[in-house]
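Enquirer: Below: one structure in structure tokens.
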Amino acid sequence: MPLTDTETQYSDAIRARIAQSEARVIKAIFPSITNHHNTLFGGEALAWMDETAFIAATRFCRKTLVTVSSDRIDFNKSIPAGTLAEIIANVIYVGNTSLKVEVNIFVEDMYQDHREHAIRGVFTFVALDEARKPTKVWSED
């Protein structure tokens, strides 16, 4: 099987750190966080995605980070009240002062073994030093 860019582009140390930094959060979808269609508010999903991406990014570099952008967010399936949402974040790119985290949300039935991919997005973070200036996200020194 051919290696992906992430597997060939980075050193063993960075690849190991990427694997260790995965973040997973599970949320129950209650009516208080749904819209008039009885599905999860999109803004709530975005907030969860940004937070979970931040956790993965922080676990990767253990530095002060800020979100600087989100790439296209694809809402492929609505997430109804009474289900579970699993948010999974993985570092997919490590630059000099920035990194990208892919976030996927899966919707899961509470009472049956059924799980579907619902939302995907990519978030970019920049590491900051004490003066709030960009700093390296990774150093193999």
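Residues are referred to by chain and number: the chain letter is A, B, ... according to the order shown in the structure tokens, the number counts from 1 in that chain, and ligands are numbered separately from 1 in the order shown.
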So that I can check the surroundings of range 17-30 of chain A, please list as a PDB file with C-alpha atoms, in the first residue's frame every protein, DNA and RNA residue that reaches within 7 Å of it, counting only C-alpha atoms and ignoring chain neighbours fewer than 3 positions away.

Expert:
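Result written to selection-v9.pdb:
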```pdb
ATOM      1  CA  ALA A  13       9.260  11.821  15.601  1.00  0.00           C
ATOM      2  CA  ILE A  14       6.672  14.078  13.978  1.00  0.00           C
ATOM      3  CA  ILE A  33     -28.870  22.655  21.231  1.00  0.00           C
ATOM      4  CA  LEU A  40     -27.944  20.283  15.850  1.00  0.00           C
ATOM      5  CA  THR A  52     -11.563  19.550  19.426  1.00  0.00           C
ATOM      6  CA  ILE A  55      -7.105  20.077  21.716  1.00  0.00           C
ATOM      7  CA  ALA A  56      -5.379  17.968  19.040  1.00  0.00           C
ATOM      8  CA  ARG A  59      -1.455  17.948  22.260  1.00  0.00           C
ATOM      9  CA  PHE A  60       0.819  17.985  19.210  1.00  0.00           C
ATOM     10  CA  ALA A  81     -31.736  15.343  18.691  1.00  0.00           C
ATOM     11  CA  GLY A  82     -31.513  12.055  20.518  1.00  0.00           C
ATOM     12  CA  THR A  83     -28.281  10.918  18.861  1.00  0.00           C
ATOM     13  CA  LEU A  84     -24.606  10.961  19.809  1.00  0.00           C
ATOM     14  CA  ALA A  85     -21.939  12.940  17.972  1.00  0.00           C
ATOM     15  CA  GLU A  86     -18.321  11.830  17.990  1.00  0.00           C
ATOM     16  CA  ILE A  87     -15.870  14.581  17.062  1.00  0.00           C
ATOM     17  CA  ILE A  88     -12.446  13.299  15.936  1.00  0.00           C
ATOM     18  CA  ALA A  89      -9.540  15.660  15.275  1.00  0.00           C
ATOM     19  CA  ASN A  90      -6.207  14.743  13.668  1.00  0.00           C
ATOM     20  CA  VAL A  91      -3.198  16.860  12.739  1.00  0.00           C
TER      21      VAL A  91
END
```

Enquirer: Check the DSSP output for the backbone and give back, as number ranges by chain, the residues of chain A in helix (DSSP H, G or I).

Expert: A: 5-9, 12-20, 31-33, 42-61

Enquirer: Compile the contact shell of range 43-46 of chain A as a ChimeraX atom specification: residues with an atom at most 9 Å away, counting only C-alpha atoms, same-chain residues fewer than 5 positions apart removed.

Expert: /A:33-34,51,73,105,119,121

Enquirer: Can you work out the spacing between CA of His37 in chain A and CA of Ala118 in chain A in Å, to one decimal?

Expert: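 Answer for the CA of His37 in chain A to CA of Ala118 in chain A separation: 16.1 Å.
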
Enquirer: If you run DSSP on this backbone, which residues of chain A come out as strand (DSSP E), and could you give them as a PyMOL selection string?

Expert: chain A and resi 23-28+64-70+74-75+83-94+98-109+115-128

Enquirer: Under the rule that only C-alpha atoms are counted, which of A:His114, A:Pro80, A:Val137, A:Thr124 is the nearest residue to Ile92 in chain A?

Expert: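 Between A:His114, A:Pro80, A:Val137, A:Thr124, the residue approaching Ile92 in chain A most closely is A:Thr124.
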
Enquirer: Quick check, in Å to one decimal: how far apart do CA of Phe123 in chain A and CA of Val101 in chain A lie?

Expert: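 Separating CA of Phe123 in chain A from CA of Val101 in chain A is a distance of 5.2 Å.
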
Enquirer: Do you have the CA of Asp12 in chain A-CA of Thr64 in chain A distance handy?

Expert: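 CA of Asp12 in chain A sits 23.7 Å away from CA of Thr64 in chain A.
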